[in-house]
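Colleague: Sharing target-v1.cif (mmCIF, C-alpha atoms) below.
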```cif
data_model
loop_
_atom_site.label_atom_id
_atom_site.label_comp_id
_atom_site.auth_asym_id
_atom_site.auth_seq_id
_atom_site.Cartn_x
_atom_site.Cartn_y
_atom_site.Cartn_z
CA MET A 869 73.31 17.63 69.04
CA HIS A 870 70.01 17.85 67.22
CA PRO A 871 70.20 17.47 63.47
CA GLU A 872 68.26 20.71 63.09
CA GLU A 873 70.88 22.64 65.01
CA ALA A 874 73.71 24.06 62.98
CA PRO A 875 77.20 23.69 64.41
CA PRO A 876 78.58 26.85 65.99
CA GLU A 877 80.60 29.00 63.65
CA PRO A 878 84.28 28.84 64.59
CA VAL A 879 85.90 32.00 65.90
CA ARG A 880 88.10 33.54 63.26
CA ALA A 881 91.54 34.78 64.15
CA ARG A 882 92.21 38.52 63.78
CA HIS A 883 94.85 37.91 61.17
CA ALA A 884 92.40 35.97 58.99
CA ASP A 885 91.07 39.18 57.45
CA PRO A 886 93.38 42.21 57.68
CA ALA A 887 90.65 44.50 56.41
CA ALA A 888 88.24 43.60 59.22
CA PRO A 889 88.11 46.10 62.09
CA ALA A 890 89.52 44.95 65.39
CA PRO A 891 86.92 44.37 68.08
CA ARG A 892 86.71 47.07 70.76
CA ARG A 893 88.18 46.26 74.12
CA PRO A 894 86.08 47.08 77.15
CA ALA A 895 87.18 50.29 78.85
CA ARG A 896 88.95 49.80 82.15
CA THR A 897 87.69 51.79 85.09
CA GLY A 898 89.41 52.86 88.24
CA VAL A 899 92.77 53.54 86.55
CA PRO A 900 93.59 57.26 86.46
CA ARG A 901 95.00 58.43 83.17
CA ARG A 902 96.66 61.64 82.08
CA PRO A 903 97.71 62.92 78.66
CA GLY A 904 100.94 61.49 77.42
CA GLY A 905 101.02 58.62 79.87
CA ALA A 906 98.27 56.01 79.55
CA GLY A 907 97.75 54.11 82.75
CA ARG A 908 100.16 56.27 84.78
CA PRO A 909 98.67 57.84 87.94
CA GLY A 910 97.89 61.55 87.65
CA ALA A 911 100.47 63.61 89.54
CA PRO A 912 101.52 67.25 89.53
CA PRO A 913 103.99 67.84 86.72
CA ARG A 914 107.53 68.86 87.49
CA ALA A 915 106.76 72.40 86.34
CA VAL A 916 104.34 72.83 89.25
CA ALA A 917 107.04 71.80 91.70
CA TRP A 918 109.31 74.50 90.31
CA LEU A 919 106.52 77.07 90.55
CA VAL A 920 105.89 76.16 94.17
CA LEU A 921 109.60 76.52 94.87
CA VAL A 922 109.61 80.01 93.32
CA VAL A 923 106.60 81.09 95.36
CA LEU A 924 108.01 79.71 98.61
CA THR A 925 111.34 81.41 97.99
CA ALA A 926 109.66 84.75 97.28
CA ALA A 927 107.40 84.43 100.33
CA VAL A 928 110.29 83.60 102.65
CA ALA A 929 112.38 86.45 101.24
CA ALA A 930 109.47 88.88 101.69
CA ALA A 931 108.91 87.75 105.29
CA ALA A 932 112.61 88.16 106.06
CA GLY A 933 112.66 91.59 104.43
CA ILE A 934 109.62 92.72 106.41
CA ALA A 935 111.23 91.53 109.63
CA LEU A 936 114.49 93.37 108.88
CA THR A 937 112.81 96.62 107.80
CA TRP A 938 109.98 96.66 110.33
CA PRO A 939 109.78 100.21 111.78
CA SER A 940 110.71 100.43 115.44
CA GLY A 941 110.68 103.28 117.93
CA PRO A 942 108.46 106.37 117.96
CA ARG A 943 107.46 107.93 114.67
CA SER A 944 109.32 111.14 113.89
CA ALA A 945 106.64 112.61 111.61
CA GLN A 946 105.26 115.99 112.59
CA ASP A 947 101.59 116.73 113.14
CA PRO A 948 100.80 119.99 111.31
CA THR A 949 97.79 120.59 113.59
CA GLU A 950 99.85 120.72 116.80
CA ALA A 951 101.27 124.19 116.17
CA GLY A 952 97.86 125.88 116.24
CA ALA A 953 96.22 123.34 118.58
CA VAL A 954 93.33 123.07 116.15
CA GLU A 955 90.37 120.83 116.91
CA PHE A 956 88.07 119.34 114.30
CA VAL A 957 84.41 119.41 115.30
CA THR A 958 81.44 117.92 113.44
CA ALA A 959 78.49 120.33 113.11
CA ARG A 960 75.07 120.60 111.44
CA VAL A 961 74.26 123.50 109.14
CA VAL A 962 71.34 125.68 110.27
CA THR A 963 71.34 128.33 107.55
CA SER A 964 73.59 129.57 104.74
CA GLY A 965 73.49 132.67 102.57
CA TRP A 966 75.49 135.18 100.56
CA GLN A 967 77.22 138.11 102.23
CA THR A 968 79.64 140.83 101.16
CA CYS A 969 83.16 140.37 102.53
CA GLU A 970 86.49 142.12 102.22
CA GLY A 971 88.70 140.80 99.45
CA THR A 972 91.87 138.87 100.32
CA VAL A 973 94.82 137.42 98.43
CA GLU A 974 92.73 134.30 97.82
CA ASP A 975 90.42 136.43 95.64
CA VAL A 976 93.15 137.83 93.40
CA ALA A 977 91.93 138.64 89.88
CA PRO A 978 93.61 137.38 86.68
CA ASP A 979 95.33 140.77 86.30
CA GLY A 980 96.91 140.42 89.75
CA THR A 981 94.72 142.91 91.62
CA VAL A 982 92.81 142.12 94.81
CA PRO A 983 89.17 143.32 94.74
CA THR A 984 87.96 145.49 97.62
CA GLU A 985 84.76 143.52 98.16
CA VAL A 986 83.74 140.02 97.17
CA ARG A 987 80.70 137.84 97.66
CA CYS A 988 81.20 135.07 100.23
CA LEU A 989 79.01 132.34 101.73
CA ARG A 990 78.22 132.68 105.42
CA VAL A 991 77.25 129.43 107.16
CA THR A 992 75.59 129.16 110.56
CA ALA A 993 76.17 125.74 112.10
CA GLU A 994 75.10 124.07 115.34
CA VAL A 995 77.83 122.38 117.38
CA GLY A 996 77.89 120.55 120.68
CA GLN A 997 81.29 119.67 122.15
CA ASP A 998 82.39 117.64 125.19
CA GLY A 999 78.85 117.19 126.47
CA ASP A 1000 78.07 120.94 126.36
CA GLU A 1001 74.74 122.19 125.18
CA ALA A 1002 74.41 122.84 121.48
CA ARG A 1003 75.30 126.31 120.29
CA THR A 1004 75.61 128.01 116.93
CA VAL A 1005 78.72 129.49 115.30
CA ASP A 1006 79.22 131.45 112.09
CA VAL A 1007 81.93 130.61 109.55
CA TYR A 1008 82.69 131.50 105.93
CA ALA A 1009 82.72 128.60 103.49
CA THR A 1010 85.40 127.91 100.94
CA ALA A 1011 85.26 129.92 97.71
CA GLY A 1012 83.26 128.21 95.00
CA LEU A 1013 80.47 126.98 97.29
CA GLY A 1014 76.94 128.40 97.17
CA PRO A 1015 73.83 128.12 99.36
CA GLY A 1016 72.65 125.18 97.28
CA ASP A 1017 75.83 123.28 98.14
CA VAL A 1018 75.36 123.76 101.90
CA PRO A 1019 71.63 123.47 102.64
CA ALA A 1020 70.21 123.25 106.16
CA GLY A 1021 70.90 119.90 107.78
CA THR A 1022 74.20 119.31 106.00
CA ARG A 1023 76.88 117.81 108.26
CA VAL A 1024 80.19 119.65 108.06
CA VAL A 1025 83.53 119.63 109.84
CA LEU A 1026 84.63 122.92 111.44
CA GLU A 1027 88.04 123.92 112.76
CA ARG A 1028 88.13 125.30 116.31
CA TYR A 1029 91.15 127.25 117.56
CA PRO A 1030 90.86 127.53 121.36
CA ALA A 1031 91.38 130.86 123.12
CA ALA A 1032 95.04 131.55 123.92
CA ASP A 1033 97.22 134.55 124.85
CA GLY A 1034 94.20 136.77 125.42
CA GLN A 1035 92.74 135.96 122.00
CA ALA A 1036 89.17 134.66 121.75
CA GLU A 1037 88.49 131.26 120.23
CA VAL A 1038 88.14 131.18 116.45
CA TRP A 1039 85.95 128.93 114.32
CA ALA A 1040 86.71 128.29 110.64
CA TRP A 1041 85.31 126.23 107.81
CA GLY A 1042 86.95 122.82 107.48
CA ASP A 1043 85.20 120.46 105.10
CA PHE A 1044 82.08 118.38 104.58
CA ALA A 1045 81.51 115.38 106.86
CA ARG A 1046 81.63 112.55 104.32
CA GLY A 1047 81.80 109.54 106.62
CA VAL A 1048 78.21 108.38 106.16
CA PRO A 1049 78.00 108.58 102.32
CA LEU A 1050 81.43 107.01 101.89
CA ALA A 1051 80.53 104.19 104.26
CA ALA A 1052 77.28 103.68 102.34
CA PHE A 1053 79.15 103.43 99.02
CA ALA A 1054 81.57 100.96 100.55
CA ALA A 1055 78.70 98.86 101.90
CA VAL A 1056 76.98 98.82 98.49
CA PHE A 1057 80.23 97.77 96.83
CA ALA A 1058 80.77 94.97 99.34
CA LEU A 1059 77.19 93.69 99.04
CA LEU A 1060 77.25 93.72 95.23
CA THR A 1061 80.64 91.98 95.18
CA VAL A 1062 79.39 89.19 97.42
CA ALA A 1063 76.05 88.94 95.58
CA VAL A 1064 77.70 88.57 92.17
CA ALA A 1065 80.90 86.68 93.05
CA GLY A 1066 79.64 84.72 96.06
CA VAL A 1067 82.15 83.30 98.50
CA ARG A 1068 85.02 84.18 96.20
CA GLY A 1069 83.95 87.82 96.29
CA LEU A 1070 83.85 87.71 100.08
CA ARG A 1071 87.37 86.27 100.15
CA ALA A 1072 88.51 88.99 97.74
CA LEU A 1073 87.14 91.67 100.05
CA LEU A 1074 88.93 90.08 102.99
CA GLY A 1075 92.13 90.08 100.94
CA LEU A 1076 91.62 93.76 100.16
CA VAL A 1077 91.31 94.55 103.86
CA LEU A 1078 94.50 92.58 104.59
CA ALA A 1079 96.30 94.38 101.76
CA PHE A 1080 95.46 97.81 103.14
CA GLY A 1081 96.46 96.53 106.56
CA VAL A 1082 99.93 95.77 105.17
CA LEU A 1083 100.12 99.21 103.57
CA GLY A 1084 99.01 101.09 106.67
CA GLY A 1085 100.68 98.92 109.26
CA TYR A 1086 104.01 98.30 107.58
CA LEU A 1087 104.74 100.08 104.30
CA LEU A 1088 103.88 103.67 105.23
CA PRO A 1089 105.48 103.61 108.71
CA ALA A 1090 108.60 101.94 107.31
CA VAL A 1091 108.99 104.58 104.59
CA VAL A 1092 108.49 107.40 107.12
CA ALA A 1093 111.05 105.75 109.39
CA GLY A 1094 113.65 106.01 106.62
CA GLU A 1095 113.82 102.37 105.44
CA ASP A 1096 114.68 101.70 101.81
CA ALA A 1097 111.35 102.39 100.11
CA LEU A 1098 112.09 100.11 97.15
CA VAL A 1099 112.88 97.13 99.39
CA VAL A 1100 109.84 97.89 101.52
CA ALA A 1101 107.60 98.11 98.45
CA LEU A 1102 108.82 94.79 97.03
CA CYS A 1103 108.41 93.00 100.36
CA ALA A 1104 104.95 94.45 100.96
CA SER A 1105 103.82 93.76 97.37
CA THR A 1106 105.00 90.16 97.52
CA ALA A 1107 103.26 89.58 100.84
CA ILE A 1108 100.07 91.16 99.50
CA VAL A 1109 99.94 89.31 96.20
CA VAL A 1110 100.70 85.89 97.75
CA THR A 1111 98.01 86.35 100.40
CA VAL A 1112 95.38 87.93 98.19
CA LEU A 1113 95.67 85.55 95.24
CA TYR A 1114 95.51 82.37 97.29
CA LEU A 1115 92.77 83.77 99.50
CA ALA A 1116 90.57 84.92 96.61
CA HIS A 1117 91.21 82.14 94.07
CA GLY A 1118 92.18 79.17 96.23
CA VAL A 1119 95.35 77.12 96.39
CA SER A 1120 95.84 75.47 93.00
CA SER A 1121 98.32 75.19 90.18
CA ARG A 1122 96.30 77.76 88.23
CA THR A 1123 96.63 80.33 91.02
CA THR A 1124 100.32 79.52 91.47
CA THR A 1125 100.88 80.08 87.75
CA ALA A 1126 99.27 83.52 87.93
CA LEU A 1127 101.25 84.30 91.08
CA VAL A 1128 104.60 83.49 89.45
CA GLY A 1129 103.65 85.62 86.46
CA THR A 1130 102.77 88.51 88.77
CA LEU A 1131 106.04 88.23 90.69
CA ALA A 1132 108.02 88.18 87.44
CA GLY A 1133 106.11 91.23 86.24
CA LEU A 1134 106.86 93.05 89.49
CA VAL A 1135 110.58 92.46 89.00
CA LEU A 1136 110.33 93.83 85.47
CA VAL A 1137 108.34 96.90 86.55
CA THR A 1138 110.80 97.63 89.36
CA GLY A 1139 113.81 97.43 87.07
CA LEU A 1140 112.15 99.59 84.44
CA GLY A 1141 111.12 102.15 87.07
CA VAL A 1142 114.66 102.44 88.41
CA ALA A 1143 116.12 102.76 84.91
CA GLY A 1144 113.49 105.27 83.80
CA ALA A 1145 113.95 107.47 86.89
CA ALA A 1146 117.71 107.53 86.37
CA LEU A 1147 117.63 108.17 82.62
CA ALA A 1148 114.94 110.87 82.84
CA HIS A 1149 116.63 112.59 85.82
CA LEU A 1150 113.37 112.65 87.75
CA GLN A 1151 113.41 114.93 90.79
CA PRO A 1152 111.54 113.98 93.97
CA VAL A 1153 110.02 117.44 94.63
CA THR A 1154 107.81 118.50 91.73
CA SER A 1155 104.73 120.01 93.37
CA GLU A 1156 103.56 121.89 96.44
CA ASP A 1157 102.35 118.65 98.04
CA THR A 1158 105.70 116.92 97.65
CA PHE A 1159 107.48 120.01 98.95
CA GLN A 1160 105.26 120.01 102.06
CA LEU A 1161 105.83 116.28 102.55
CA SER A 1162 109.58 116.73 102.18
CA ARG A 1163 109.54 119.42 104.85
CA LEU A 1164 107.53 117.28 107.27
CA LEU A 1165 109.83 114.28 106.78
CA GLY A 1166 112.81 116.27 108.04
CA ASP A 1167 116.39 116.47 106.77
CA ASP A 1168 116.12 113.23 104.80
CA GLY A 1169 112.83 114.20 103.19
CA VAL A 1170 114.20 114.61 99.67
CA ASP A 1171 115.96 111.23 99.71
CA VAL A 1172 112.85 109.57 101.12
CA LEU A 1173 110.68 111.06 98.38
CA ARG A 1174 113.08 109.85 95.69
CA ALA A 1175 112.55 106.29 96.92
CA VAL A 1176 108.83 106.88 97.46
CA TYR A 1177 108.41 107.46 93.72
CA LEU A 1178 109.87 104.01 92.97
CA CYS A 1179 107.67 102.59 95.69
CA GLY A 1180 104.67 104.05 93.88
CA VAL A 1181 105.80 102.50 90.59
CA VAL A 1182 105.83 99.04 92.20
CA LEU A 1183 102.43 99.45 93.86
CA ALA A 1184 100.86 100.85 90.68
CA GLY A 1185 102.11 97.86 88.69
CA LEU A 1186 100.86 95.36 91.28
CA GLY A 1187 97.15 95.87 90.64
CA VAL A 1188 97.44 95.74 86.85
CA LEU A 1189 99.67 92.66 86.85
CA ASN A 1190 97.41 90.82 89.28
CA ASP A 1191 94.46 91.39 86.96
CA VAL A 1192 96.06 90.24 83.72
CA THR A 1193 97.96 87.22 85.08
CA ILE A 1194 94.98 85.61 86.80
CA THR A 1195 92.88 86.24 83.69
CA GLN A 1196 95.44 84.65 81.39
CA ALA A 1197 95.90 81.64 83.63
CA SER A 1198 92.13 81.13 83.82
CA ALA A 1199 91.82 81.50 80.04
CA VAL A 1200 94.40 78.77 79.40
CA TRP A 1201 92.72 76.45 81.89
CA GLU A 1202 89.36 76.95 80.18
CA LEU A 1203 90.92 76.24 76.79
CA ARG A 1204 92.37 73.03 78.19
CA ALA A 1205 88.99 72.03 79.62
CA ALA A 1206 87.30 72.68 76.26
CA ASP A 1207 89.89 70.69 74.31
CA PRO A 1208 91.51 67.89 76.37
CA ARG A 1209 93.78 66.95 73.45
CA ALA A 1210 95.36 70.43 73.15
CA GLY A 1211 99.12 70.44 73.68
CA VAL A 1212 101.41 73.13 75.03
CA ARG A 1213 101.86 74.88 71.66
CA GLN A 1214 98.12 74.96 70.93
CA LEU A 1215 97.28 76.24 74.41
CA PHE A 1216 99.92 78.95 74.18
CA THR A 1217 98.82 80.06 70.70
CA ARG A 1218 95.16 80.21 71.63
CA GLY A 1219 95.89 81.83 74.97
CA MET A 1220 97.95 84.57 73.33
CA ARG A 1221 95.03 85.41 71.02
CA ILE A 1222 93.15 86.32 74.18
CA GLY A 1223 96.27 87.91 75.66
CA ARG A 1224 96.75 90.29 72.72
CA ASP A 1225 93.25 91.64 73.16
CA HIS A 1226 93.90 91.91 76.89
CA ILE A 1227 97.12 93.83 76.28
CA ALA A 1228 95.41 96.33 74.00
CA SER A 1229 92.52 97.00 76.38
CA THR A 1230 94.66 97.14 79.54
CA VAL A 1231 97.19 99.55 78.04
CA TYR A 1232 94.31 101.90 77.27
CA THR A 1233 93.04 101.42 80.82
CA ILE A 1234 96.39 102.37 82.34
CA ALA A 1235 96.82 105.43 80.12
CA PHE A 1236 93.35 106.82 80.69
CA ALA A 1237 93.44 106.08 84.41
CA TYR A 1238 96.52 108.28 84.76
CA ALA A 1239 95.05 110.88 82.42
CA GLY A 1240 91.87 111.05 84.49
CA ALA A 1241 93.82 111.41 87.73
CA SER A 1242 95.96 114.19 86.20
CA LEU A 1243 93.10 116.02 84.46
CA PRO A 1244 93.34 119.21 86.62
CA VAL A 1245 97.04 119.48 85.76
CA LEU A 1246 96.26 118.94 82.09
CA LEU A 1247 93.67 121.71 82.17
CA LEU A 1248 96.08 124.05 83.94
CA LEU A 1249 98.72 123.48 81.29
CA GLU A 1250 96.12 123.99 78.58
CA VAL A 1251 95.33 127.39 80.09
CA TYR A 1252 99.04 128.26 80.18
CA SER A 1253 99.33 127.25 76.49
CA GLN A 1254 102.72 125.62 76.92
CA PRO A 1255 104.26 123.75 73.95
CA LEU A 1256 103.31 120.06 73.97
CA ALA A 1257 106.91 118.82 74.02
CA ARG A 1258 107.77 121.04 76.96
CA THR A 1259 104.63 119.98 78.81
CA LEU A 1260 105.26 116.24 78.40
CA THR A 1261 108.89 116.51 79.50
CA SER A 1262 108.18 118.59 82.61
CA GLY A 1263 108.82 116.97 85.97
CA ALA A 1264 105.24 116.12 86.95
CA PHE A 1265 104.37 114.64 83.54
CA ALA A 1266 107.70 112.83 83.19
CA GLU A 1267 106.98 110.99 86.43
CA GLU A 1268 103.59 109.82 85.18
CA ILE A 1269 104.99 108.85 81.78
CA VAL A 1270 107.77 106.74 83.30
CA ARG A 1271 105.33 105.16 85.76
CA THR A 1272 102.83 104.40 83.00
CA LEU A 1273 105.39 102.98 80.57
CA ALA A 1274 107.08 100.87 83.26
CA GLY A 1275 103.74 99.32 84.18
CA ALA A 1276 102.72 98.87 80.55
CA ILE A 1277 105.98 97.17 79.54
CA GLY A 1278 105.80 94.90 82.56
CA LEU A 1279 102.22 94.07 81.62
CA VAL A 1280 103.09 93.30 77.99
CA LEU A 1281 105.91 90.95 79.01
CA ALA A 1282 104.02 89.30 81.87
CA ILE A 1283 101.17 88.12 79.63
CA PRO A 1284 103.20 85.81 77.31
CA LEU A 1285 105.25 84.60 80.28
CA THR A 1286 102.14 83.71 82.27
CA THR A 1287 100.51 82.16 79.22
CA ALA A 1288 103.55 79.96 78.54
CA ILE A 1289 103.73 78.75 82.14
CA ALA A 1290 99.99 78.10 82.21
CA ALA A 1291 100.16 76.14 78.94
CA VAL A 1292 102.89 73.86 80.31
CA VAL A 1293 101.16 73.28 83.63
CA ALA A 1294 97.62 72.90 82.23
CA SER A 1295 98.71 70.41 79.56
CA GLY A 1296 100.13 68.16 82.28
CA THR A 1297 97.14 68.43 84.60
CA ALA A 1298 94.49 65.69 84.74
CA HIS A 1299 91.52 66.64 82.58
CA ALA A 1300 89.02 65.97 85.36
CA ASP A 1301 90.79 68.48 87.60
CA VAL A 1302 90.98 71.04 84.79
CA ALA A 1303 87.27 70.64 83.99
CA ALA A 1304 86.45 71.11 87.66
CA GLY A 1305 88.57 74.28 87.74
CA ARG A 1306 90.88 72.97 90.44
CA GLY A 1307 94.23 72.08 89.01
CA HIS A 1308 96.57 70.25 91.36
CA ALA A 1309 96.17 71.32 94.95
CA HIS A 1310 99.36 71.88 96.84
#
```
Write the structure described by the file as structure tokens, please.

Modeller:
Amino acid sequence: MHPEEAPPEPVRARHADPAAPAPRRPARTGVPRRPGGAGRPGAPPRAVAWLVLVVLTAAVAAAAGIALTWPSGPRSAQDPTEAGAVEFVTARVVTSGWQTCEGTVEDVAPDGTVPTEVRCLRVTAEVGQDGDEARTVDVYATAGLGPGDVPAGTRVVLERYPAADGQAEVWAWGDFARGVPLAAFAAVFALLTVAVAGVRGLRALLGLVLAFGVLGGYLLPAVVAGEDALVVALCASTAIVVTVLYLAHGVSSRTTTALVGTLAGLVLVTGLGVAGAALAHLQPVTSEDTFQLSRLLGDDGVDVLRAVYLCGVVLAGLGVLNDVTITQASAVWELRAADPRAGVRQLFTRGMRIGRDHIASTVYTIAFAYAGASLPVLLLLEVYSQPLARTLTSGAFAEEIVRTLAGAIGLVLAIPLTTAIAAVVASGTAHADVAAGRGHAH
């Protein structure tokens, strides 16, 4: 050792100076960590296993219920067009104009009298049927339409009653041909959904198609066949929500959380709908449409309609619950990603702050959606000047009130339930998975 070199300073023990900070240890890499368990490998918490069990049980029960209630044999529903052998033909308007016609019972005045003459709209349309050459026919349009509503070139649907028993064929106004504009609106909706939401929007559209396939292929035929409409609605709703949620949002603990919240909400809405219908003594036939449907369904029409109302309560609650539960689950996951140290209580408290705002806005949405759909009835009752209490307790309004309140109560209870489940599951999920928006894949 050179004399100029100073001897190395001895290393001091940590206990030599209690006030000195302890040296930092190098971080270890490659060891997965999760909150509450340093060094333990990240694994789905036990809560997720229970959620998966609930979903599997519900899915198996729904599949068994669909198999047991699947409609078999020919449909017994009547076709109201068979009696008159009416044919619906698409035509193109050539001209339209006002003409004086003889008054009928459809033109009755407010004082109950039928005017001798009224103004009616005569439409000349060009039709070509079964490969025949085009020809023109004259029909009278529905009251309330004017020449500006049916200009030349408009595509309409006419009713043709073939000649029979010595009577000449008769043509009558049917409706507007709306296939092209409706298809255009649907295409715009689909394109915008995919453009904004990407692949997830495309999967949501596919789920929507599958959902309507379940309704048209199973639910409606099963109800017409006389199966228990409430059982059919629960089975169909469970099958729809399981398929649609996983298809649109992917298979993850976050989606499973929202799914369990939706299923719990459906049970609540169903129970509230049954109780409300019984306590309010709701009758199945409350309008001309329900009377006609009851007649077409045959001898059991009234009983079928009574169950159909409950079926409608379940389906109406499905869409609202699906919206709020997936939103709440996503909100809790985002809170967890923003604050990795947040525990169950913090996640639940913060999530419910969002949930309260969601409850307030969604309740308004439900109420005004039903009010908008029932606006013609509201206007009719306004004209009749019935007392408000009598109006709200009438059959048609009582049905809507029970349906609205059943869905709203189910919504209010489903939000804290979903938030609590999401808080438990998210707090036990690895932060890297939460930040990536995945959760634990099953």

Colleague: Could you list, as a list of chain:residue names, every residue matched by the PyMOL selection byres ((chain A and resi 1133) around 9) in this structure?

Modeller: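 Here the PyMOL selection byres ((chain A and resi 1133) around 9) matches A:Val1128, A:Gly1129, A:Thr1130, A:Leu1131, A:Ala1132, A:Leu1134, A:Val1135, A:Leu1136, A:Val1137, A:Thr1138, A:Gly1185, A:Leu1186, A:Leu1189, A:Gly1275, A:Ile1277, A:Gly1278, A:Leu1279, A:Leu1281, A:Ala1282, A:Ile1283, A:Leu1285.
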
Colleague: Could you give me, as a list in words, the residues that have an atom at most 12 Å away from the point (100.9, 81.1, 71.2) in the coordinates of the file, using all atoms listed in the file?

Modeller: Val1200, Gly1211, Val1212, Arg1213, Gln1214, Leu1215, Phe1216, Thr1217, Arg1218, Gly1219, Met1220, Arg1221, Ile1222, Gly1223, Arg1224, Ile1283, Pro1284, Leu1285, Thr1286, Thr1287, Ala1288, Ile1289, Ala1290, Ala1291 and Val1292 of chain A

Colleague: Which residues are close to region 984-986 of chain A, i.e. within 7 Å by only C-alpha atoms, leaving aside same-chain residues fewer than 4 positions away? Reply as a PyMOL selection string.

Modeller: chain A and resi 968-971

Colleague: Written as an MDAnalysis selection string, what is the full residue list that the PyMOL selection byres ((chain A and resi 931) around 12) yields on the file shown?

Modeller: chainID A and resid 924:930 932:938 1086 1099:1100 1102:1108 1110

Colleague: Nearest residue to Asp1043 (chain A) out of A:Leu1026, A:Ala1058, A:Cys1179, A:Ala1020, using all atoms listed in the file?

Modeller: A:Leu1026

Colleague: Taking all atoms listed in the file into account, name the residue in A:Arg1028, A:Arg1204, A:Arg1209, A:His1149 that is nearest to Arg1122 (chain A).

Modeller: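 Of A:Arg1028, A:Arg1204, A:Arg1209, A:His1149, the one nearest Arg1122 (chain A) is A:Arg1204, counting all atoms listed in the file.
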
Colleague: Using all atoms listed in the file, which residue out of A:Val1024, A:Val1091, A:Ala1011, A:Val920 lies closest to Ala959 (chain A)?

Modeller: A:Val1024

Colleague: Mind pulling up the distance from CA of Ala1199 (chain A) to CA of Thr1111 (chain A)?

Modeller: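 Those two atoms sit 21.8 Å apart.
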
Colleague: In Å, rounded to a single decimal, give me how far CA of Leu1260 (chain A) is from CA of Val1245 (chain A).

Modeller: 11.5 Å

Colleague: A:Ser1121, A:Thr1061, A:Thr1272, A:Gln1196: which is nearest Arg914 (chain A), counting only C-alpha atoms?

Modeller: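 Going through A:Ser1121, A:Thr1061, A:Thr1272, A:Gln1196 one by one, the smallest distance to Arg914 (chain A) is for A:Ser1121.
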
Colleague: Between CA of Pro1255 (chain A) and CA of Thr1230 (chain A), measure the distance and give it in Å to one decimal.

Modeller: 28.8 Å

Colleague: Residues at most 9 Å from Val1112 (chain A), counting only C-alpha atoms, excluding those fewer than 2 positions away in the same chain, as a list in words?

Modeller: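 Contacts, in chain order: Arg1071, Ala1072, Leu1074, Gly1075, Leu1076, Leu1078, Ala1079, Ala1107, Ile1108, Val1109, Val1110, Tyr1114, Leu1115, Ala1116 and His1117 of chain A.
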
Colleague: Identify all residues satisfying the PyMOL selection byres ((chain A and resi 1266) around 12) in the given file; provide them as a PyMOL selection string.

Modeller: chain A and resi 1141+1144-1152+1154+1177+1257-1265+1267-1274

Colleague: At a cut-off of 7 Å, using only C-alpha atoms, what residues contact Thr1123 (chain A)? Leave out same-chain residues fewer than 4 positions from it and give the result as a PyMOL selection string.

Modeller: chain A and resi 1113-1114+1117-1119+1127+1194

Colleague: From the list A:Arg1174, A:Tyr1029, A:Ala1101, A:Ser964, which residue is nearest Leu1088 (chain A) when using all atoms listed in the file?

Modeller: A:Ala1101
